Amino acid sequence: MTTLPDDFFRFVCQTSPEPLAIEIERAHGCIIVDRRGREYLDLLSGIGAASLGHTHPAVVSAIKDQAGRYLHAMVYGEYIQEPQVRLARRLAEVAPAPLSVTYFTNSGTEAVEGALKTARKYTGRSRFVSFTGGFHGDTFGSLSVGGNPLYRLPFEPLLPTVTFLPFNDLDALERIDETAAAVIVEPVQGEGGVRIPSDEFLPALRQRCSTVGALLIFDEVITGFGRTGRLFACEHWRVVPDILVLAKALGGGMPLGAFMSTPEILATLSTDPPLAHVTTFGGHPVCCAAGLASLETILRDNLPQQARTKGEEFLGKLQTLLGTGGFTNVRGRGLLIGMDFTTPEATKHFAQSCFAAGLILGWTLHQDTVIRLAPPLIISSAEIDRAIATMRDVLRGSNSS
Ligand SMILES: Cc1ncc(COP(=O)(O)O)c(C=O)c1O
């Protein structure tokens with residue numbers, strides 16, 4: 001008789017040598033409960049996806065209602081599906097003008113693929129520009145514009161026409177020229193270690209793209225829907241991209257991605273040839289129903305504002321821990337927070353010890369001296385205090401394992 005963990009390691013494709021392998025029983029709010037009844041405080045939200053917290057009642061109810069009406073009925077773009085149309089309309093109301101048309105996908109990386117293809121077809125140019133440290137997904141196009149060579153090299157050859165520029169470097173923007181179809185950027189780099197650009201960088205990038213006629217793509221897969229203290233991070237810099245890429249929190253816990261743009265730019269996908277870019281499951285009615293319920297809750301409860309105040313609270317409390325256990329620096333925007341450590345070993349030790357003490361936080365090889373925190377935006381002050389107390393114990397060595 002094999003156990004579930006045995007079967008997990010044997011039958012489910014493994015993507016890392018040391019998965020956390022929590023045997024998850026249920027999840028609610030900021031809490032994940034394993035099969036032995038142990039509770040974990042989730043400071044990662046499934047890497048920024050569960051912004052409303054786990055199994056929010058509004059989302060669960062919308063899923064149940066829609067599942068009882070209809071599931072998949074037809075490939076994308078043919079039938080009028082109410083949840084999809086209503087979500088697209090709501091997104092047009094809250095996204096910066098003139099971004100008013102949405103193409104739905106199943107995931108973030110598919111949305112990036114769609115955005116890149118749209119830019120090529122619309123401009124008739126082939127080159128893409130992206131930034132070192134950027135992450136845009138793991139399919140071929142998205143990986144081609146990913147700014148970490150460690151993850152590109154094993155899969156080369158990728159798209160040949162990509163120029164990588166240093167992130168947050170104003171002088172480097174001169175290298176964007178008339179051969180560029182698009183420039184893709186995360187307004188705050190997530191996987192790259194929560195890197196926040198200067199006040200000037202994104203406005204200057206917008207200016208440069210407009211000057212040379214390249215489309216500006218903002219990848220807000222991780223920063224979207226209030227995570228950084230605004231509904232969309234681009235609002236911090238008052239910069240409007242030509243294409244806005246969304247996923248993660250968009251689906252309220254269901255798989256959903258999207259790219260938004262102007263009617264003129266997205267019209268390119270329906271001609272020469274028609275059906276230039278289609279998907280079977282993109283914009284699935286159940287996922288869109290969940291996404292709509294999630295968006296309405298985010299707006300009603302003013303979660304961007306909550307992310308701002310709780311982010312400041314969390315950051316302030318983390319600052320009191322600086323200087324212990326190799327923890328050297330901390331920064332954040334809203335509830336997207338990066339903690340710097342002196343070495344990869346100190347970082348890994350911190351992540352593992354916190355996990356042993358019941359805290360889930362983010363540590364990946366993409367940036368191995370940074371711990372990422374992206375808790376649900378509904379996290380309470382008591383939960384922040386619990387996290388800080390555990391981290392303090394771990395950093396002082398009293399809880400290290
Ligand atoms: C900024 C960014 N873009 C794109 C992606 C890819 O999204 P997905 O995993 O849904 O394909 C991610 C995933 O972490 C991301 O953080």
# chains A, B, ... in the order shown; residues from 1 in each chain; ligands from 1

$ residues_near_ligand --ligand "ligand 1" --cutoff "9 Å" --atoms "only C-alpha atoms and all ligand atoms" --output "VMD selection string"
chain A and resid 47 to 48 106 to 112 134 to 139 142 185 to 186 188 to 191 219 to 223 245 to 248 255 to 257

$ residues_around --residues "region 23-33 of chain A" --least-positions-apart "3" --cutoff "9 Å" --atoms "only C-alpha atoms" --output "list in words"
Leu4, Pro5, Arg36, Gly37, Arg38, Glu39, Tyr40, Leu41, Asp42, Leu43, Ser45, Ala50, Leu52, Gly53, His54, Thr55, His56, Pro375, Pro376, Ile378, Ile379, Ser380 and Glu383 of chain A

$ residues_around --residues "region 59-69 of chain A" --least-positions-apart "2" --cutoff "6 Å" --atoms "only C-alpha atoms" --output "list in words"
His56, Pro57, Leu71, Val286, Ala289, Ala290, Ala293 and Ser294 of chain A

$ select_by_dssp --residues "region 157-260 of chain A" --states "helix (DSSP H, G or I)" --output "list in words"
Asp171, Ala172, Leu173, Glu174, Arg175, Phe201, Leu202, Pro203, Ala204, Leu205, Arg206, Gln207, Arg208, Cys209, Ser210, Thr211, Val212, Ala233, Cys234, Glu235, His236, Trp237, Lys248, Ala249, Leu250 and Gly251 of chain A

$ write_last_selection --atoms "C-alpha atoms" --output "PDB file, in the first residue's frame"
ATOM      1  CA  ASP A 171      21.230  55.127 -20.541  1.00  0.00           C
ATOM      2  CA  ALA A 172      20.588  51.618 -21.897  1.00  0.00           C
ATOM      3  CA  LEU A 173      17.187  52.692 -23.262  1.00  0.00           C
ATOM      4  CA  GLU A 174      18.984  54.382 -26.184  1.00  0.00           C
ATOM      5  CA  ARG A 175      19.598  50.884 -27.546  1.00  0.00           C
ATOM      6  CA  PHE A 201      12.841  54.497 -15.497  1.00  0.00           C
ATOM      7  CA  LEU A 202       9.368  53.430 -16.651  1.00  0.00           C
ATOM      8  CA  PRO A 203       8.308  56.924 -17.864  1.00  0.00           C
ATOM      9  CA  ALA A 204      11.568  57.123 -19.863  1.00  0.00           C
ATOM     10  CA  LEU A 205      10.945  53.650 -21.260  1.00  0.00           C
ATOM     11  CA  ARG A 206       7.433  54.717 -22.316  1.00  0.00           C
ATOM     12  CA  GLN A 207       8.905  57.778 -24.024  1.00  0.00           C
ATOM     13  CA  ARG A 208      11.544  55.765 -25.848  1.00  0.00           C
ATOM     14  CA  CYS A 209       9.023  53.182 -27.097  1.00  0.00           C
ATOM     15  CA  SER A 210       6.753  55.933 -28.419  1.00  0.00           C
ATOM     16  CA  THR A 211       9.705  57.623 -30.147  1.00  0.00           C
ATOM     17  CA  VAL A 212      10.823  54.488 -32.021  1.00  0.00           C
ATOM     18  CA  ALA A 233       1.481  48.708 -10.747  1.00  0.00           C
ATOM     19  CA  CYS A 234       1.735  50.909 -13.854  1.00  0.00           C
ATOM     20  CA  GLU A 235      -0.414  53.435 -11.953  1.00  0.00           C
ATOM     21  CA  HIS A 236       2.491  54.166  -9.564  1.00  0.00           C
ATOM     22  CA  TRP A 237       4.403  55.688 -12.478  1.00  0.00           C
ATOM     23  CA  LYS A 248      -2.334  34.871 -11.334  1.00  0.00           C
ATOM     24  CA  ALA A 249      -4.782  36.896  -9.169  1.00  0.00           C
ATOM     25  CA  LEU A 250      -6.968  37.537 -12.244  1.00  0.00           C
ATOM     26  CA  GLY A 251      -8.661  34.146 -11.837  1.00  0.00           C
TER      27      GLY A 251
END

$ closest_residue --among "A:Thr123, A:Thr320, A:Asn302, A:Thr102" --to "Ser261 (chain A)" --atoms "only C-alpha atoms"
A:Thr102

$ select_by_dssp --residues "region 105-183 of chain A" --states "strand (DSSP E or B)" --output "number ranges by chain"
A: 105, 127-131, 162-165, 180-183

$ write_last_selection --atoms "N, CA and C atoms" --output "short mmCIF file (atom, residue, chain, number, x, y, z; two decimals), in the first residue's frame"
data_model
loop_
_atom_site.label_atom_id
_atom_site.label_comp_id
_atom_site.auth_asym_id
_atom_site.auth_seq_id
_atom_site.Cartn_x
_atom_site.Cartn_y
_atom_site.Cartn_z
N THR A 105 -6.64 34.02 -21.82
CA THR A 105 -5.85 32.80 -21.99
C THR A 105 -6.02 31.93 -20.74
N ARG A 127 12.01 42.22 -33.75
CA ARG A 127 12.86 42.22 -32.54
C ARG A 127 12.06 42.47 -31.26
N PHE A 128 12.47 41.78 -30.19
CA PHE A 128 11.92 42.07 -28.86
C PHE A 128 13.04 42.56 -27.96
N VAL A 129 12.71 43.44 -27.07
CA VAL A 129 13.66 43.92 -26.07
C VAL A 129 13.11 43.56 -24.70
N SER A 130 13.98 43.01 -23.85
CA SER A 130 13.54 42.73 -22.48
C SER A 130 14.71 43.02 -21.54
N PHE A 131 14.53 42.67 -20.27
CA PHE A 131 15.48 43.14 -19.26
C PHE A 131 16.08 42.01 -18.45
N VAL A 162 16.22 38.81 -29.81
CA VAL A 162 15.90 39.42 -28.51
C VAL A 162 17.12 40.18 -28.01
N THR A 163 16.91 41.41 -27.60
CA THR A 163 17.98 42.21 -27.00
C THR A 163 17.69 42.35 -25.51
N PHE A 164 18.67 42.02 -24.69
CA PHE A 164 18.51 42.17 -23.23
C PHE A 164 19.21 43.43 -22.77
N LEU A 165 18.51 44.24 -22.02
CA LEU A 165 19.09 45.46 -21.47
C LEU A 165 19.11 45.35 -19.94
N ALA A 180 12.59 47.31 -33.17
CA ALA A 180 11.88 46.63 -32.07
C ALA A 180 10.37 46.60 -32.31
N ALA A 181 9.80 45.38 -32.28
CA ALA A 181 8.34 45.25 -32.29
C ALA A 181 7.79 45.66 -30.93
N ALA A 182 8.47 45.21 -29.89
CA ALA A 182 7.96 45.48 -28.54
C ALA A 182 9.07 45.39 -27.51
N VAL A 183 8.84 46.08 -26.41
CA VAL A 183 9.68 45.97 -25.22
C VAL A 183 8.79 45.38 -24.14
#

$ residues_around --residues "Ala119 (chain A)" --least-positions-apart "4" --cutoff "9 Å" --atoms "only C-alpha atoms" --output "PyMOL selection string"
chain A and resi 114-115+123-126+181-182+214-217+243+265

$ residues_around --residues "Leu269 (chain A)" --least-positions-apart "3" --cutoff "9 Å" --atoms "only C-alpha atoms" --output "list of chain:residue names"
A:Lys117, A:Thr118, A:Lys121, A:Tyr122, A:Ile265, A:Leu266, A:Asp272, A:Pro273, A:Pro274, A:Leu275, A:Ala276, A:His277, A:Val278

$ closest_residue --among "A:Leu292, A:Gly252, A:Leu244, A:Phe314" --to "Pro96 (chain A)" --atoms "only C-alpha atoms"
A:Leu244

$ decode --residues "region 84-117 of chain A" --atoms "N, CA, C and O atoms" --output "mmCIF file, in the first residue's frame"
data_model
loop_
_atom_site.group_PDB
_atom_site.id
_atom_site.type_symbol
_atom_site.label_atom_id
_atom_site.label_comp_id
_atom_site.auth_asym_id
_atom_site.auth_seq_id
_atom_site.Cartn_x
_atom_site.Cartn_y
_atom_site.Cartn_z
ATOM 1 N N GLN A 84 -17.465 35.711 -19.406
ATOM 2 C CA GLN A 84 -16.314 36.239 -20.142
ATOM 3 C C GLN A 84 -16.564 37.692 -20.556
ATOM 4 O O GLN A 84 -15.706 38.568 -20.381
ATOM 5 N N VAL A 85 -17.740 37.941 -21.085
ATOM 6 C CA VAL A 85 -18.070 39.290 -21.560
ATOM 7 C C VAL A 85 -18.114 40.263 -20.384
ATOM 8 O O VAL A 85 -17.581 41.378 -20.449
ATOM 9 N N ARG A 86 -18.743 39.820 -19.287
ATOM 10 C CA ARG A 86 -18.861 40.729 -18.131
ATOM 11 C C ARG A 86 -17.492 41.023 -17.517
ATOM 12 O O ARG A 86 -17.219 42.147 -17.098
ATOM 13 N N LEU A 87 -16.623 40.024 -17.493
ATOM 14 C CA LEU A 87 -15.285 40.282 -16.940
ATOM 15 C C LEU A 87 -14.504 41.221 -17.863
ATOM 16 O O LEU A 87 -13.837 42.153 -17.397
ATOM 17 N N ALA A 88 -14.607 40.999 -19.177
ATOM 18 C CA ALA A 88 -13.892 41.873 -20.122
ATOM 19 C C ALA A 88 -14.369 43.317 -19.977
ATOM 20 O O ALA A 88 -13.580 44.264 -19.978
ATOM 21 N N ARG A 89 -15.665 43.475 -19.808
ATOM 22 C CA ARG A 89 -16.223 44.825 -19.667
ATOM 23 C C ARG A 89 -15.702 45.486 -18.378
ATOM 24 O O ARG A 89 -15.313 46.650 -18.360
ATOM 25 N N ARG A 90 -15.681 44.711 -17.303
ATOM 26 C CA ARG A 90 -15.227 45.257 -16.008
ATOM 27 C C ARG A 90 -13.736 45.615 -16.075
ATOM 28 O O ARG A 90 -13.308 46.630 -15.525
ATOM 29 N N LEU A 91 -12.972 44.766 -16.767
ATOM 30 C CA LEU A 91 -11.542 45.062 -16.905
ATOM 31 C C LEU A 91 -11.345 46.365 -17.682
ATOM 32 O O LEU A 91 -10.484 47.186 -17.351
ATOM 33 N N ALA A 92 -12.165 46.557 -18.718
ATOM 34 C CA ALA A 92 -12.057 47.799 -19.503
ATOM 35 C C ALA A 92 -12.373 49.013 -18.636
ATOM 36 O O ALA A 92 -11.793 50.086 -18.815
ATOM 37 N N GLU A 93 -13.278 48.835 -17.666
ATOM 38 C CA GLU A 93 -13.637 49.963 -16.794
ATOM 39 C C GLU A 93 -12.515 50.315 -15.817
ATOM 40 O O GLU A 93 -12.363 51.468 -15.431
ATOM 41 N N VAL A 94 -11.733 49.314 -15.406
ATOM 42 C CA VAL A 94 -10.729 49.590 -14.362
ATOM 43 C C VAL A 94 -9.307 49.715 -14.890
ATOM 44 O O VAL A 94 -8.439 50.249 -14.204
ATOM 45 N N ALA A 95 -9.044 49.240 -16.099
ATOM 46 C CA ALA A 95 -7.689 49.344 -16.654
ATOM 47 C C ALA A 95 -7.466 50.760 -17.175
ATOM 48 O O ALA A 95 -8.423 51.463 -17.501
ATOM 49 N N PRO A 96 -6.196 51.173 -17.250
ATOM 50 C CA PRO A 96 -5.964 52.527 -17.760
ATOM 51 C C PRO A 96 -6.399 52.658 -19.220
ATOM 52 O O PRO A 96 -6.138 51.756 -20.026
ATOM 53 N N ALA A 97 -7.081 53.763 -19.548
ATOM 54 C CA ALA A 97 -7.461 54.031 -20.939
ATOM 55 C C ALA A 97 -6.177 54.243 -21.751
ATOM 56 O O ALA A 97 -5.192 54.758 -21.212
ATOM 57 N N PRO A 98 -6.155 53.838 -23.010
ATOM 58 C CA PRO A 98 -7.249 53.323 -23.823
ATOM 59 C C PRO A 98 -7.284 51.792 -23.915
ATOM 60 O O PRO A 98 -7.759 51.250 -24.915
ATOM 61 N N LEU A 99 -6.818 51.087 -22.878
ATOM 62 C CA LEU A 99 -6.811 49.619 -22.939
ATOM 63 C C LEU A 99 -8.221 49.114 -22.649
ATOM 64 O O LEU A 99 -8.664 49.137 -21.495
ATOM 65 N N SER A 100 -8.929 48.689 -23.660
ATOM 66 C CA SER A 100 -10.347 48.382 -23.454
ATOM 67 C C SER A 100 -10.777 47.024 -24.006
ATOM 68 O O SER A 100 -11.936 46.649 -23.861
ATOM 69 N N VAL A 101 -9.846 46.324 -24.653
ATOM 70 C CA VAL A 101 -10.211 45.023 -25.214
ATOM 71 C C VAL A 101 -9.320 43.955 -24.581
ATOM 72 O O VAL A 101 -8.115 44.155 -24.405
ATOM 73 N N THR A 102 -9.933 42.822 -24.250
ATOM 74 C CA THR A 102 -9.199 41.749 -23.559
ATOM 75 C C THR A 102 -9.218 40.466 -24.368
ATOM 76 O O THR A 102 -10.252 40.084 -24.920
ATOM 77 N N TYR A 103 -8.075 39.822 -24.435
ATOM 78 C CA TYR A 103 -7.973 38.465 -24.975
ATOM 79 C C TYR A 103 -7.648 37.561 -23.788
ATOM 80 O O TYR A 103 -6.633 37.749 -23.118
ATOM 81 N N PHE A 104 -8.497 36.561 -23.532
ATOM 82 C CA PHE A 104 -8.286 35.692 -22.371
ATOM 83 C C PHE A 104 -7.485 34.446 -22.747
ATOM 84 O O PHE A 104 -7.679 33.867 -23.828
ATOM 85 N N THR A 105 -6.644 34.017 -21.823
ATOM 86 C CA THR A 105 -5.850 32.800 -21.994
ATOM 87 C C THR A 105 -6.017 31.934 -20.741
ATOM 88 O O THR A 105 -6.753 32.297 -19.825
ATOM 89 N N ASN A 106 -5.284 30.823 -20.714
ATOM 90 C CA ASN A 106 -5.354 29.936 -19.540
ATOM 91 C C ASN A 106 -4.302 30.263 -18.491
ATOM 92 O O ASN A 106 -4.379 29.776 -17.368
ATOM 93 N N SER A 107 -3.276 31.010 -18.880
ATOM 94 C CA SER A 107 -2.133 31.193 -17.984
ATOM 95 C C SER A 107 -1.389 32.466 -18.333
ATOM 96 O O SER A 107 -1.649 33.098 -19.375
ATOM 97 N N GLY A 108 -0.421 32.796 -17.473
ATOM 98 C CA GLY A 108 0.395 33.983 -17.716
ATOM 99 C C GLY A 108 1.284 33.838 -18.933
ATOM 100 O O GLY A 108 1.383 34.741 -19.767
ATOM 101 N N THR A 109 1.910 32.686 -19.051
ATOM 102 C CA THR A 109 2.861 32.545 -20.163
ATOM 103 C C THR A 109 2.136 32.580 -21.507
ATOM 104 O O THR A 109 2.642 33.138 -22.474
ATOM 105 N N GLU A 110 0.925 32.023 -21.562
ATOM 106 C CA GLU A 110 0.164 32.102 -22.827
ATOM 107 C C GLU A 110 -0.222 33.546 -23.138
ATOM 108 O O GLU A 110 -0.307 33.919 -24.312
ATOM 109 N N ALA A 111 -0.497 34.322 -22.101
ATOM 110 C CA ALA A 111 -0.835 35.727 -22.326
ATOM 111 C C ALA A 111 0.387 36.474 -22.866
ATOM 112 O O ALA A 111 0.267 37.320 -23.759
ATOM 113 N N VAL A 112 1.565 36.140 -22.339
ATOM 114 C CA VAL A 112 2.797 36.757 -22.857
ATOM 115 C C VAL A 112 3.000 36.362 -24.322
ATOM 116 O O VAL A 112 3.315 37.204 -25.172
ATOM 117 N N GLU A 113 2.805 35.085 -24.617
ATOM 118 C CA GLU A 113 2.942 34.635 -26.012
ATOM 119 C C GLU A 113 2.018 35.438 -26.935
ATOM 120 O O GLU A 113 2.412 35.881 -28.009
ATOM 121 N N GLY A 114 0.769 35.598 -26.489
ATOM 122 C CA GLY A 114 -0.202 36.334 -27.297
ATOM 123 C C GLY A 114 0.217 37.784 -27.488
ATOM 124 O O GLY A 114 0.072 38.351 -28.579
ATOM 125 N N ALA A 115 0.747 38.378 -26.419
ATOM 126 C CA ALA A 115 1.175 39.778 -26.503
ATOM 127 C C ALA A 115 2.343 39.924 -27.485
ATOM 128 O O ALA A 115 2.381 40.857 -28.303
ATOM 129 N N LEU A 116 3.292 38.984 -27.418
ATOM 130 C CA LEU A 116 4.455 39.061 -28.321
ATOM 131 C C LEU A 116 4.007 38.879 -29.773
ATOM 132 O O LEU A 116 4.449 39.607 -30.680
ATOM 133 N N LYS A 117 3.141 37.916 -30.011
ATOM 134 C CA LYS A 117 2.663 37.680 -31.379
ATOM 135 C C LYS A 117 1.885 38.887 -31.910
ATOM 136 O O LYS A 117 2.043 39.286 -33.068
#
